[in-house]
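For reference, data-v2.tsv is printed below; it contains TSV, C-alpha atoms.
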chain	number	residue	atom	x	y	z
A	1	MET	CA	-14.94	-6.76	6.92
A	2	PHE	CA	-16.59	-9.15	4.44
A	3	ASP	CA	-16.87	-6.40	1.88
A	4	ALA	CA	-13.35	-5.00	2.05
A	5	PRO	CA	-11.16	-5.57	-1.03
A	6	PHE	CA	-8.75	-8.49	-0.70
A	7	THR	CA	-5.89	-10.08	-2.59
A	8	PHE	CA	-4.44	-13.56	-2.65
A	9	SER	CA	-1.50	-15.11	-4.43
A	10	ILE	CA	-1.24	-18.16	-6.69
A	11	PRO	CA	2.41	-19.11	-6.06
A	12	LEU	CA	3.09	-20.86	-9.39
A	13	PRO	CA	4.39	-23.38	-10.24
A	14	LEU	CA	2.54	-24.42	-7.04
A	15	PRO	CA	-1.12	-23.75	-7.90
A	16	ILE	CA	-2.50	-23.65	-4.35
A	17	PRO	CA	-3.90	-20.17	-3.61
A	18	SER	CA	-2.98	-18.38	-0.39
A	19	ARG	CA	-6.68	-17.84	0.31
A	20	GLN	CA	-8.96	-20.89	0.28
A	21	ASP	CA	-12.57	-20.56	1.30
A	22	ASN	CA	-13.54	-24.00	0.00
A	23	HIS	CA	-11.49	-26.91	-1.32
A	24	ILE	CA	-13.33	-29.45	-3.49
A	25	ARG	CA	-11.68	-32.79	-4.36
A	26	ARG	CA	-13.29	-34.94	-7.04
A	27	ARG	CA	-12.22	-38.55	-7.32
A	28	LEU	CA	-12.85	-41.21	-9.98
A	29	SER	CA	-15.95	-42.37	-8.10
A	30	SER	CA	-17.66	-39.00	-8.62
A	31	LEU	CA	-17.30	-39.33	-12.41
A	32	LYS	CA	-19.35	-42.53	-12.65
A	33	GLY	CA	-20.90	-43.00	-16.09
A	34	GLN	CA	-18.82	-40.26	-17.72
A	35	PHE	CA	-15.90	-42.23	-19.19
A	36	LEU	CA	-16.54	-44.25	-22.35
A	37	ASP	CA	-14.57	-47.33	-21.30
A	38	THR	CA	-16.77	-48.51	-18.42
A	39	ALA	CA	-14.87	-51.79	-17.91
A	40	GLU	CA	-11.57	-49.96	-17.50
A	41	TYR	CA	-13.26	-47.39	-15.23
A	42	LYS	CA	-14.48	-50.20	-12.94
A	43	ARG	CA	-11.06	-51.86	-12.93
A	44	MET	CA	-9.29	-48.61	-12.03
A	45	LEU	CA	-11.82	-47.70	-9.35
A	46	ALA	CA	-11.42	-51.12	-7.68
A	47	GLU	CA	-7.68	-50.49	-7.55
A	48	GLU	CA	-7.77	-46.92	-6.23
A	49	ASP	CA	-10.27	-44.06	-6.11
A	50	ARG	CA	-7.81	-41.65	-7.71
A	51	LEU	CA	-7.99	-37.87	-7.36
A	52	VAL	CA	-9.02	-36.51	-10.77
A	53	TYR	CA	-9.43	-32.78	-10.11
A	54	GLU	CA	-9.55	-30.14	-7.39
A	55	VAL	CA	-11.15	-26.73	-7.12
A	56	TYR	CA	-10.26	-23.93	-4.72
A	57	GLU	CA	-13.21	-21.58	-4.44
A	58	ILE	CA	-13.14	-17.98	-3.26
A	59	ARG	CA	-16.37	-17.36	-1.39
A	60	ARG	CA	-18.61	-14.41	-2.18
A	61	PRO	CA	-22.38	-13.96	-1.92
A	62	LYS	CA	-24.13	-16.02	-4.62
A	63	VAL	CA	-26.00	-13.09	-6.15
A	64	ALA	CA	-25.99	-11.42	-9.57
A	65	GLY	CA	-23.94	-8.39	-8.43
A	66	GLU	CA	-20.94	-10.52	-7.35
A	67	LEU	CA	-18.29	-12.60	-9.10
A	68	LEU	CA	-17.22	-16.06	-7.99
A	69	SER	CA	-13.66	-17.05	-8.77
A	70	GLY	CA	-11.16	-19.76	-8.01
A	71	ILE	CA	-8.52	-22.17	-9.19
A	72	SER	CA	-9.25	-25.43	-11.02
A	73	ILE	CA	-6.60	-28.17	-11.11
A	74	VAL	CA	-7.13	-31.21	-13.37
A	75	HIS	CA	-4.53	-33.90	-12.75
A	76	PRO	CA	-2.95	-35.91	-15.56
A	77	GLY	CA	-4.32	-39.39	-16.19
A	78	LYS	CA	-6.52	-41.47	-18.46
A	79	VAL	CA	-9.35	-43.97	-18.21
A	80	GLY	CA	-8.59	-46.21	-21.15
A	81	SER	CA	-7.80	-43.75	-23.94
A	82	GLU	CA	-9.84	-40.90	-22.45
A	83	PHE	CA	-8.06	-38.13	-20.59
A	84	PHE	CA	-8.92	-37.07	-17.02
A	85	MET	CA	-11.54	-34.33	-16.98
A	86	THR	CA	-13.97	-32.42	-14.78
A	87	LYS	CA	-17.61	-33.45	-14.40
A	88	GLY	CA	-18.65	-30.49	-16.52
A	89	HIS	CA	-21.85	-28.51	-16.13
A	90	PHE	CA	-24.32	-26.02	-17.46
A	91	HIS	CA	-24.96	-22.96	-15.30
A	92	THR	CA	-28.32	-23.19	-13.56
A	93	VAL	CA	-28.96	-19.64	-14.77
A	94	LEU	CA	-28.24	-20.66	-18.34
A	95	ASP	CA	-27.68	-17.11	-19.59
A	96	THR	CA	-24.46	-16.58	-17.65
A	97	PRO	CA	-20.90	-16.87	-19.00
A	98	GLU	CA	-17.51	-17.81	-17.55
A	99	VAL	CA	-14.00	-16.50	-18.17
A	100	TYR	CA	-10.89	-18.68	-17.81
A	101	TYR	CA	-7.26	-17.60	-17.64
A	102	ILE	CA	-4.97	-20.57	-18.16
A	103	LEU	CA	-2.08	-20.63	-15.70
A	104	LYS	CA	-0.31	-23.91	-16.38
A	105	GLY	CA	-0.49	-27.16	-18.32
A	106	GLU	CA	-2.23	-28.24	-21.49
A	107	GLY	CA	-5.71	-29.35	-22.31
A	108	PHE	CA	-9.05	-28.57	-23.88
A	109	MET	CA	-12.38	-27.10	-22.90
A	110	VAL	CA	-15.22	-29.24	-24.23
A	111	MET	CA	-18.40	-27.20	-24.63
A	112	GLU	CA	-21.94	-27.51	-25.96
A	113	THR	CA	-25.29	-25.73	-25.93
A	114	PRO	CA	-28.72	-27.18	-25.11
A	115	GLU	CA	-29.47	-26.75	-28.84
A	116	GLY	CA	-26.71	-29.26	-29.67
A	117	GLU	CA	-23.92	-26.99	-30.92
A	118	ALA	CA	-20.47	-28.31	-29.89
A	119	CYS	CA	-17.11	-26.58	-29.56
A	120	VAL	CA	-13.71	-27.73	-28.28
A	121	GLU	CA	-11.05	-25.09	-27.60
A	122	PRO	CA	-7.38	-25.71	-26.75
A	123	LEU	CA	-6.14	-24.47	-23.36
A	124	LEU	CA	-2.55	-23.29	-23.04
A	125	PRO	CA	-0.77	-21.03	-20.53
A	126	ASN	CA	-1.31	-17.27	-20.97
A	127	ARG	CA	-4.50	-17.81	-22.92
A	128	VAL	CA	-7.96	-16.53	-22.04
A	129	LEU	CA	-11.11	-18.52	-22.85
A	130	TYR	CA	-14.53	-16.90	-23.00
A	131	VAL	CA	-17.41	-19.33	-22.43
A	132	PRO	CA	-20.50	-17.37	-23.56
A	133	PRO	CA	-23.89	-17.77	-21.87
A	134	ARG	CA	-25.64	-21.13	-22.55
A	135	TRP	CA	-22.48	-23.23	-23.10
A	136	ALA	CA	-21.87	-26.23	-20.82
A	137	HIS	CA	-18.16	-26.67	-20.20
A	138	ARG	CA	-15.72	-29.38	-19.10
A	139	SER	CA	-11.92	-29.08	-18.70
A	140	VAL	CA	-9.73	-31.93	-19.97
A	141	CYS	CA	-6.04	-32.32	-19.04
A	142	THR	CA	-4.02	-33.75	-21.94
A	143	SER	CA	-0.54	-33.32	-20.49
A	144	ARG	CA	1.13	-36.57	-19.41
A	145	GLN	CA	2.86	-35.13	-16.38
A	146	ASP	CA	1.54	-31.66	-15.58
A	147	ASP	CA	-1.69	-30.49	-14.00
A	148	LEU	CA	-3.99	-28.28	-16.05
A	149	VAL	CA	-4.40	-25.18	-13.88
A	150	THR	CA	-6.93	-22.44	-14.67
A	151	PHE	CA	-8.24	-19.33	-12.92
A	152	PHE	CA	-11.99	-18.90	-13.46
A	153	VAL	CA	-14.52	-16.10	-12.93
A	154	TYR	CA	-18.31	-16.30	-13.27
A	155	PRO	CA	-21.35	-14.34	-12.05
A	156	GLY	CA	-22.39	-14.98	-8.46
A	157	ASN	CA	-25.91	-16.10	-9.41
A	158	ALA	CA	-24.85	-18.64	-12.08
A	159	GLY	CA	-25.13	-21.87	-10.09
A	160	HIS	CA	-24.17	-25.36	-11.32
A	161	ASP	CA	-26.37	-27.86	-13.16
A	162	TYR	CA	-24.42	-31.14	-13.16
A	163	GLY	CA	-27.43	-33.40	-13.75
A	164	THR	CA	-27.95	-32.74	-17.47
A	165	ILE	CA	-24.36	-33.72	-18.32
A	166	GLU	CA	-24.40	-36.72	-15.93
A	167	GLU	CA	-27.37	-38.01	-17.89
A	168	GLN	CA	-26.46	-37.26	-21.49
A	169	GLY	CA	-22.68	-36.69	-21.46
A	170	PHE	CA	-20.91	-34.29	-23.83
A	171	ARG	CA	-21.08	-34.71	-27.63
A	172	LYS	CA	-17.30	-34.67	-27.95
A	173	LEU	CA	-14.59	-36.71	-26.22
A	174	VAL	CA	-10.86	-36.00	-26.00
A	175	VAL	CA	-8.84	-39.20	-26.38
A	176	ASP	CA	-5.30	-40.43	-26.81
A	177	SER	CA	-5.13	-42.20	-30.15
A	178	GLY	CA	-1.76	-43.93	-30.12
A	179	GLY	CA	0.10	-40.89	-28.76
A	180	ARG	CA	-1.93	-38.33	-30.73
A	181	ILE	CA	-4.68	-36.28	-29.13
A	182	GLU	CA	-7.97	-36.71	-30.99
A	183	ILE	CA	-11.38	-35.15	-30.58
A	184	ILE	CA	-14.06	-37.68	-31.43
A	185	ASP	CA	-17.85	-37.90	-31.34
A	186	ASN	CA	-19.21	-39.50	-28.17
A	187	PRO	CA	-20.95	-42.69	-29.34
A	188	ARG	CA	-23.01	-42.73	-26.15
A	189	TRP	CA	-24.20	-39.11	-26.32
A	190	LYS	CA	-27.95	-38.94	-26.01
A	191	LYS	CA	-30.29	-36.05	-26.38
B	1	MET	CA	-20.88	-16.66	-34.66
B	2	PHE	CA	-20.85	-13.86	-32.05
B	3	ASP	CA	-21.86	-16.29	-29.34
B	4	ALA	CA	-19.37	-19.06	-30.03
B	5	PRO	CA	-16.68	-19.61	-27.39
B	6	PHE	CA	-13.33	-18.01	-28.21
B	7	THR	CA	-9.79	-17.88	-26.89
B	8	PHE	CA	-6.99	-15.36	-27.20
B	9	SER	CA	-3.42	-15.30	-25.99
B	10	ILE	CA	-1.51	-12.76	-23.91
B	11	PRO	CA	2.03	-13.46	-25.18
B	12	LEU	CA	3.93	-12.28	-22.08
B	13	PRO	CA	6.33	-10.61	-21.54
B	14	LEU	CA	4.62	-8.76	-24.43
B	15	PRO	CA	1.24	-7.81	-22.95
B	16	ILE	CA	-0.61	-7.16	-26.23
B	17	PRO	CA	-3.48	-9.67	-26.59
B	18	SER	CA	-3.97	-11.57	-29.85
B	19	ARG	CA	-7.60	-10.42	-29.90
B	20	GLN	CA	-8.29	-6.68	-29.62
B	21	ASP	CA	-11.81	-5.38	-30.01
B	22	ASN	CA	-10.98	-1.92	-28.70
B	23	HIS	CA	-7.68	-0.22	-27.84
B	24	ILE	CA	-7.86	2.77	-25.50
B	25	ARG	CA	-4.81	5.03	-25.03
B	26	ARG	CA	-4.86	7.56	-22.20
B	27	ARG	CA	-2.30	10.33	-22.23
B	28	LEU	CA	-1.26	12.90	-19.61
B	29	SER	CA	-3.83	15.36	-21.00
B	30	SER	CA	-6.71	13.04	-20.08
B	31	LEU	CA	-5.62	13.04	-16.41
B	32	LYS	CA	-6.03	16.81	-15.96
B	33	GLY	CA	-6.63	17.75	-12.33
B	34	GLN	CA	-5.70	14.32	-10.97
B	35	PHE	CA	-2.02	14.77	-10.07
B	36	LEU	CA	-1.19	16.76	-6.94
B	37	ASP	CA	1.71	18.73	-8.39
B	38	THR	CA	-0.17	20.85	-10.92
B	39	ALA	CA	2.84	23.00	-11.85
B	40	GLU	CA	4.90	19.93	-12.73
B	41	TYR	CA	1.91	18.44	-14.61
B	42	LYS	CA	1.69	21.59	-16.76
B	43	ARG	CA	5.42	21.60	-17.41
B	44	MET	CA	5.43	17.94	-18.46
B	45	LEU	CA	2.36	18.33	-20.63
B	46	ALA	CA	3.93	21.33	-22.48
B	47	GLU	CA	6.94	19.12	-23.21
B	48	GLU	CA	5.08	15.99	-24.36
B	49	ASP	CA	1.61	14.50	-23.96
B	50	ARG	CA	3.00	11.21	-22.70
B	51	LEU	CA	1.16	7.90	-22.88
B	52	VAL	CA	0.22	6.99	-19.29
B	53	TYR	CA	-1.85	3.84	-19.75
B	54	GLU	CA	-3.55	1.61	-22.30
B	55	VAL	CA	-6.50	-0.75	-22.18
B	56	TYR	CA	-7.32	-3.58	-24.59
B	57	GLU	CA	-11.00	-4.39	-24.29
B	58	ILE	CA	-12.69	-7.65	-25.34
B	59	ARG	CA	-16.13	-6.73	-26.63
B	60	ARG	CA	-19.26	-8.46	-25.36
B	61	PRO	CA	-22.84	-7.21	-24.99
B	62	LYS	CA	-23.06	-4.70	-22.12
B	63	VAL	CA	-25.74	-6.59	-20.19
B	64	ALA	CA	-25.88	-8.25	-16.76
B	65	GLY	CA	-25.56	-11.80	-18.10
B	66	GLU	CA	-22.17	-11.16	-19.73
B	67	LEU	CA	-18.63	-10.49	-18.53
B	68	LEU	CA	-16.36	-7.78	-19.92
B	69	SER	CA	-12.66	-8.47	-19.79
B	70	GLY	CA	-9.39	-7.07	-21.04
B	71	ILE	CA	-5.81	-6.08	-20.40
B	72	SER	CA	-4.74	-2.89	-18.61
B	73	ILE	CA	-1.19	-1.58	-19.04
B	74	VAL	CA	0.01	1.29	-16.85
B	75	HIS	CA	3.38	2.62	-17.99
B	76	PRO	CA	6.12	3.63	-15.55
B	77	GLY	CA	6.53	7.33	-14.84
B	78	LYS	CA	5.85	10.07	-12.32
B	79	VAL	CA	4.37	13.56	-12.18
B	80	GLY	CA	6.52	15.13	-9.47
B	81	SER	CA	6.61	12.47	-6.77
B	82	GLU	CA	3.30	10.85	-7.80
B	83	PHE	CA	3.37	7.65	-9.84
B	84	PHE	CA	1.58	7.21	-13.16
B	85	MET	CA	-1.94	5.86	-12.69
B	86	THR	CA	-5.28	5.28	-14.36
B	87	LYS	CA	-8.12	7.81	-14.18
B	88	GLY	CA	-9.98	5.50	-11.82
B	89	HIS	CA	-13.73	5.12	-11.61
B	90	PHE	CA	-16.79	3.88	-9.80
B	91	HIS	CA	-19.03	1.50	-11.71
B	92	THR	CA	-22.21	3.23	-12.88
B	93	VAL	CA	-24.11	0.26	-11.45
B	94	LEU	CA	-22.45	0.74	-8.07
B	95	ASP	CA	-23.28	-2.75	-6.82
B	96	THR	CA	-20.96	-4.56	-9.24
B	97	PRO	CA	-17.46	-5.89	-8.50
B	98	GLU	CA	-14.29	-6.45	-10.51
B	99	VAL	CA	-11.64	-9.17	-10.44
B	100	TYR	CA	-8.00	-8.54	-11.39
B	101	TYR	CA	-5.30	-11.07	-12.11
B	102	ILE	CA	-1.88	-9.40	-12.09
B	103	LEU	CA	0.29	-10.51	-15.00
B	104	LYS	CA	3.39	-8.33	-14.74
B	105	GLY	CA	4.98	-5.41	-12.90
B	106	GLU	CA	4.41	-3.80	-9.54
B	107	GLY	CA	1.95	-1.33	-8.19
B	108	PHE	CA	-1.09	-0.65	-6.08
B	109	MET	CA	-4.85	-0.51	-6.43
B	110	VAL	CA	-6.22	2.61	-4.73
B	111	MET	CA	-9.86	2.12	-3.73
B	112	GLU	CA	-12.63	3.89	-1.87
B	113	THR	CA	-16.37	3.72	-1.29
B	114	PRO	CA	-18.93	6.54	-1.57
B	115	GLU	CA	-19.16	6.34	2.24
B	116	GLY	CA	-15.50	7.37	2.52
B	117	GLU	CA	-13.79	4.08	3.37
B	118	ALA	CA	-10.35	3.81	1.73
B	119	CYS	CA	-8.16	0.80	0.92
B	120	VAL	CA	-4.86	0.44	-0.93
B	121	GLU	CA	-3.76	-3.07	-1.95
B	122	PRO	CA	-0.38	-4.06	-3.42
B	123	LEU	CA	-0.37	-5.58	-6.91
B	124	LEU	CA	2.24	-8.19	-7.80
B	125	PRO	CA	2.43	-10.92	-10.46
B	126	ASN	CA	0.38	-14.08	-9.81
B	127	ARG	CA	-1.88	-12.28	-7.38
B	128	VAL	CA	-5.64	-11.89	-7.62
B	129	LEU	CA	-7.43	-8.76	-6.37
B	130	TYR	CA	-11.16	-8.75	-5.62
B	131	VAL	CA	-12.75	-5.31	-5.78
B	132	PRO	CA	-16.14	-5.78	-4.10
B	133	PRO	CA	-19.25	-3.89	-5.21
B	134	ARG	CA	-19.24	-0.13	-4.38
B	135	TRP	CA	-15.44	0.37	-4.44
B	136	ALA	CA	-13.99	2.90	-6.91
B	137	HIS	CA	-10.59	1.71	-8.14
B	138	ARG	CA	-7.43	3.15	-9.71
B	139	SER	CA	-4.26	1.25	-10.72
B	140	VAL	CA	-0.89	2.81	-9.93
B	141	CYS	CA	2.39	1.60	-11.48
B	142	THR	CA	5.29	1.90	-9.02
B	143	SER	CA	7.95	0.07	-10.99
B	144	ARG	CA	10.66	2.31	-12.46
B	145	GLN	CA	11.08	0.39	-15.67
B	146	ASP	CA	8.26	-2.13	-16.12
B	147	ASP	CA	4.65	-1.73	-17.09
B	148	LEU	CA	1.98	-2.81	-14.61
B	149	VAL	CA	-0.09	-5.34	-16.58
B	150	THR	CA	-3.38	-6.73	-15.28
B	151	PHE	CA	-6.17	-8.90	-16.67
B	152	PHE	CA	-9.59	-7.69	-15.51
B	153	VAL	CA	-13.13	-9.11	-15.51
B	154	TYR	CA	-16.34	-7.29	-14.55
B	155	PRO	CA	-20.09	-7.72	-15.19
B	156	GLY	CA	-21.33	-6.54	-18.59
B	157	ASN	CA	-23.81	-4.07	-17.10
B	158	ALA	CA	-21.33	-2.33	-14.73
B	159	GLY	CA	-20.53	0.80	-16.77
B	160	HIS	CA	-17.95	3.46	-15.84
B	161	ASP	CA	-18.51	6.60	-13.77
B	162	TYR	CA	-15.37	8.70	-14.21
B	163	GLY	CA	-16.98	12.03	-13.22
B	164	THR	CA	-17.09	11.51	-9.46
B	165	ILE	CA	-13.34	10.81	-9.24
B	166	GLU	CA	-12.47	13.62	-11.70
B	167	GLU	CA	-14.21	15.99	-9.32
B	168	GLN	CA	-13.16	14.78	-5.89
B	169	GLY	CA	-10.06	12.64	-6.54
B	170	PHE	CA	-9.15	9.63	-4.39
B	171	ARG	CA	-8.49	9.93	-0.64
B	172	LYS	CA	-5.11	8.25	-0.94
B	173	LEU	CA	-2.11	8.97	-3.16
B	174	VAL	CA	0.86	6.73	-3.95
B	175	VAL	CA	4.09	8.72	-4.04
B	176	ASP	CA	7.84	8.30	-4.24
B	177	SER	CA	9.32	9.67	-1.04
B	178	GLY	CA	13.06	9.78	-1.68
B	179	GLY	CA	13.16	6.29	-3.21
B	180	ARG	CA	10.56	4.76	-0.85
B	181	ILE	CA	6.98	4.19	-1.90
B	182	GLU	CA	4.56	5.94	0.45
B	183	ILE	CA	0.78	6.02	0.67
B	184	ILE	CA	-0.35	9.43	1.85
B	185	ASP	CA	-3.63	11.27	2.37
B	186	ASN	CA	-4.65	13.42	-0.58
B	187	PRO	CA	-4.62	16.99	0.74
B	188	ARG	CA	-6.96	18.06	-2.06
B	189	TRP	CA	-9.55	15.29	-1.57
B	190	LYS	CA	-13.01	16.77	-1.25
B	191	LYS	CA	-16.29	15.15	-0.40
C-alpha cells encoding of this file:
Amino acid sequence: MFDAPFTFSIPLPLPIPSRQDNHIRRRLSSLKGQFLDTAEYKRMLAEEDRLVYEVYEIRRPKVAGELLSGISIVHPGKVGSEFFMTKGHFHTVLDTPEVYYILKGEGFMVMETPEGEACVEPLLPNRVLYVPPRWAHRSVCTSRQDDLVTFFVYPGNAGHDYGTIEEQGFRKLVVDSGGRIEIIDNPRWKK
Amino acid sequence: MFDAPFTFSIPLPLPIPSRQDNHIRRRLSSLKGQFLDTAEYKRMLAEEDRLVYEVYEIRRPKVAGELLSGISIVHPGKVGSEFFMTKGHFHTVLDTPEVYYILKGEGFMVMETPEGEACVEPLLPNRVLYVPPRWAHRSVCTSRQDDLVTFFVYPGNAGHDYGTIEEQGFRKLVVDSGGRIEIIDNPRWKK
C-alpha cells in the first residue's frame, strides 16, 4: 500500500510528527568549519557535542514526479555570537525549488545562488517561504529559548549538495550583536 | 526579481494570505451535476448562487522544476445532506502528487484513482496529507460554522483535469446522516 494516500499529525507545540520514516540528528561535530569563531567552536565541542538540529523525513520515491516533505527543528544556541543553524545546501538538481511553512519559533533563511546573489528572509510562524530554483538555503534559529520548526516540501529528484557550502560557506552570517540580531558579510566566504 | 526568494504570511485565524497572485471564487453554479440531491441544488441556486470555496494561488512558472502553492478555503454548508466541497480534479500530468497542510477547520479529502481505488482521509488542523501520484482529490468541509483551510503544494507542471470528475463524479460522498458524518457510495458514480 506504498501508494495509498496517508496523513500524519504534527502535534504542536510538540513538533515530532506521528509518522517518521527517517530521523536525522546533526550535532556540532557535523558543522565543522561552518562557524566563524573556530576557537569557540573547538572549546564547545570539547565540552559536549551538542544537538544543533533534527530533521524528520517522510519517505517517498526520489523521482521527479514525487514530493519529499518533513519537519526541520533547529534548536536554540550560539557558537560565539553566531546562532545555531543547519548545514545548508544546494539541490543537486539545481533547478528545483523548496517551499517552507513555518510552524514555530523565530529565525532566518540564509540563501544564495551560484552566481553570488544573496538573500536573507525572516522566518516567523504562519509564514510561507518560497526558495526558487538555484538558491542554496540554510535555516538559522534566533530565538533564545524556542526551537525553529518548519515544514518543508521539495521535488523528489532534487537531492542535496552539501559539499559546495562546506567548502565556501554562505556569504551572509546571522549573529547576535549585543542582544540585537545582525546580518553581516561572512569574512571567510570564498568563491 | 521574479526569481528572488519571497515570503508571505497567512494571518490565522484569518486565512487570507498577504500575497495573492490569483483569487478564484467558486459558487454553487460551478458545481452543477456534482451534488446528489439535484432538486435541492436547483432550489438553492434559484435562491442564491452561494460561495462554496475560494483558492488563493501563488504564481510560479508552470514547469516541472517549480512548485505551485496556495490556500484553499471551503466554506461550511450543505446541499441536502451533502457537505460543501471543491469540484475536485485529477492532475493533467497524472503522475504528480500534492501535499496538504491543514491550517483550520474539519473535513475530509475524497480521493480515487483511474483504476477505481477509493480513499477518504480526515482533515484536521496540524495534519499533513500526502496525495500520491494518480489520485484525484476533492476537499469537503464538514464543520457547521468554520471554514476548512488548507495550504497546498504541487509540482508546477501538474495541471488540472476537471472534466473527468465532472462527468463521472467521485465514488464516495460525505454526507450528514442525522447529525453524524457518513461516507457513502455515490449511487450515481459511473465509470
Just need the residues of chain B within 6 Å of chain A, counting only C-alpha atoms, so spit them out as a short mmCIF file (atom, residue, chain, number, x, y, z; two decimals) with C-alpha atoms, keeping the file's coordinate frame.
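Saved result, result-v6.cif, follows:
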data_model
loop_
_atom_site.label_atom_id
_atom_site.label_comp_id
_atom_site.auth_asym_id
_atom_site.auth_seq_id
_atom_site.Cartn_x
_atom_site.Cartn_y
_atom_site.Cartn_z
CA PRO B 5 -16.68 -19.61 -27.39
CA PHE B 6 -13.33 -18.01 -28.21
CA THR B 7 -9.79 -17.88 -26.89
CA PHE B 8 -6.99 -15.36 -27.20
CA SER B 9 -3.42 -15.30 -25.99
CA ILE B 10 -1.51 -12.76 -23.91
CA GLY B 65 -25.56 -11.80 -18.10
CA GLU B 66 -22.17 -11.16 -19.73
CA ASP B 95 -23.28 -2.75 -6.82
CA THR B 96 -20.96 -4.56 -9.24
CA PRO B 97 -17.46 -5.89 -8.50
CA ASN B 126 0.38 -14.08 -9.81
CA ARG B 127 -1.88 -12.28 -7.38
CA VAL B 128 -5.64 -11.89 -7.62
CA LEU B 129 -7.43 -8.76 -6.37
CA TYR B 130 -11.16 -8.75 -5.62
CA VAL B 131 -12.75 -5.31 -5.78
CA PRO B 132 -16.14 -5.78 -4.10
#
- line: Among B:Gln20, B:Ile183, B:Arg59, B:Ser29, Ala46 (chain B) is approached most closely, using all atoms listed in the file, by B:Ser29
message: Rounded to one decimal, what separation in Å do you get between CA of Arg180 (chain B) and CA of Phe83 (chain B)?
response: 11.9 Å
field: Atomic separation - CA of His137 (chain B) relative to CA of Glu57 (chain B), Å
entry: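 Taking CA of Glu57 (chain B) as the start and CA of His137 (chain B) as the end point, the length is 17.3 Å.
Note that CA of Ala136 (chain B) and CA of Thr92 (chain B) are 10.2 Å apart.
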- prompt: Taking only C-alpha atoms into account, which of A:Leu36, A:Leu148, A:Gly178, A:Glu115 comes nearest Val74 (chain A)?
  reply: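 Using only C-alpha atoms, Val74 (chain A) sits closest to A:Leu148.
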Selection near Cys141 (chain B), 8 Å with all atoms listed in the file, sequence-local residues under 2 positions removed, as a ChimeraX atom specification: /B:74-77,83-85,105-108,139,143,147-148
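With all atoms listed in the file as the atoms that count, the minimum distance from Thr142 (chain B) to the choices B:Lys190, B:Lys104, B:His89, B:Arg43 is reached by B:Lys104.
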message: Report as a ChimeraX atom specification all protein, DNA and RNA residues lying within 12 Å of Met44 (chain A), evaluated on only C-alpha atoms, omitting residues in the same chain fewer than 3 positions from it.
response: /A:27-29,32,35,37-41,47-51,77-80
message: I'd like to know which of B:Lys42, B:Gln145, B:Pro61, B:Gly33 is closest to Trp189 (chain B), using all atoms listed in the file.
response: B:Gly33
Excluding Thr86 (chain A) and its own-chain neighbours fewer than 2 positions away, which residues fall within 7 Å of it when counting all atoms listed in the file? Please give them as a CSV table (one decimal) with C-alpha atoms, in the frame of the given file.
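So selection_8.csv came out as:
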chain,number,residue,atom,x,y,z
A,53,TYR,CA,-9.4,-32.8,-10.1
A,88,GLY,CA,-18.6,-30.5,-16.5
A,138,ARG,CA,-15.7,-29.4,-19.1
A,139,SER,CA,-11.9,-29.1,-18.7
A,140,VAL,CA,-9.7,-31.9,-20.0
Need to verify the contact set: region 24-26 of chain B, 6 Å, only C-alpha atoms, exclusion of same-chain residues closer than 6 positions in sequence. Can you return it as a PDB file with C-alpha atoms, in the frame of the given file?
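Heads up, here's the output in out.pdb:
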ATOM      1  CA  VAL B  52       0.220   6.990 -19.290  1.00  0.00           C
ATOM      2  CA  TYR B  53      -1.850   3.840 -19.750  1.00  0.00           C
ATOM      3  CA  GLU B  54      -3.550   1.610 -22.300  1.00  0.00           C
ATOM      4  CA  VAL B  55      -6.500  -0.750 -22.180  1.00  0.00           C
TER       5      VAL B  55
END
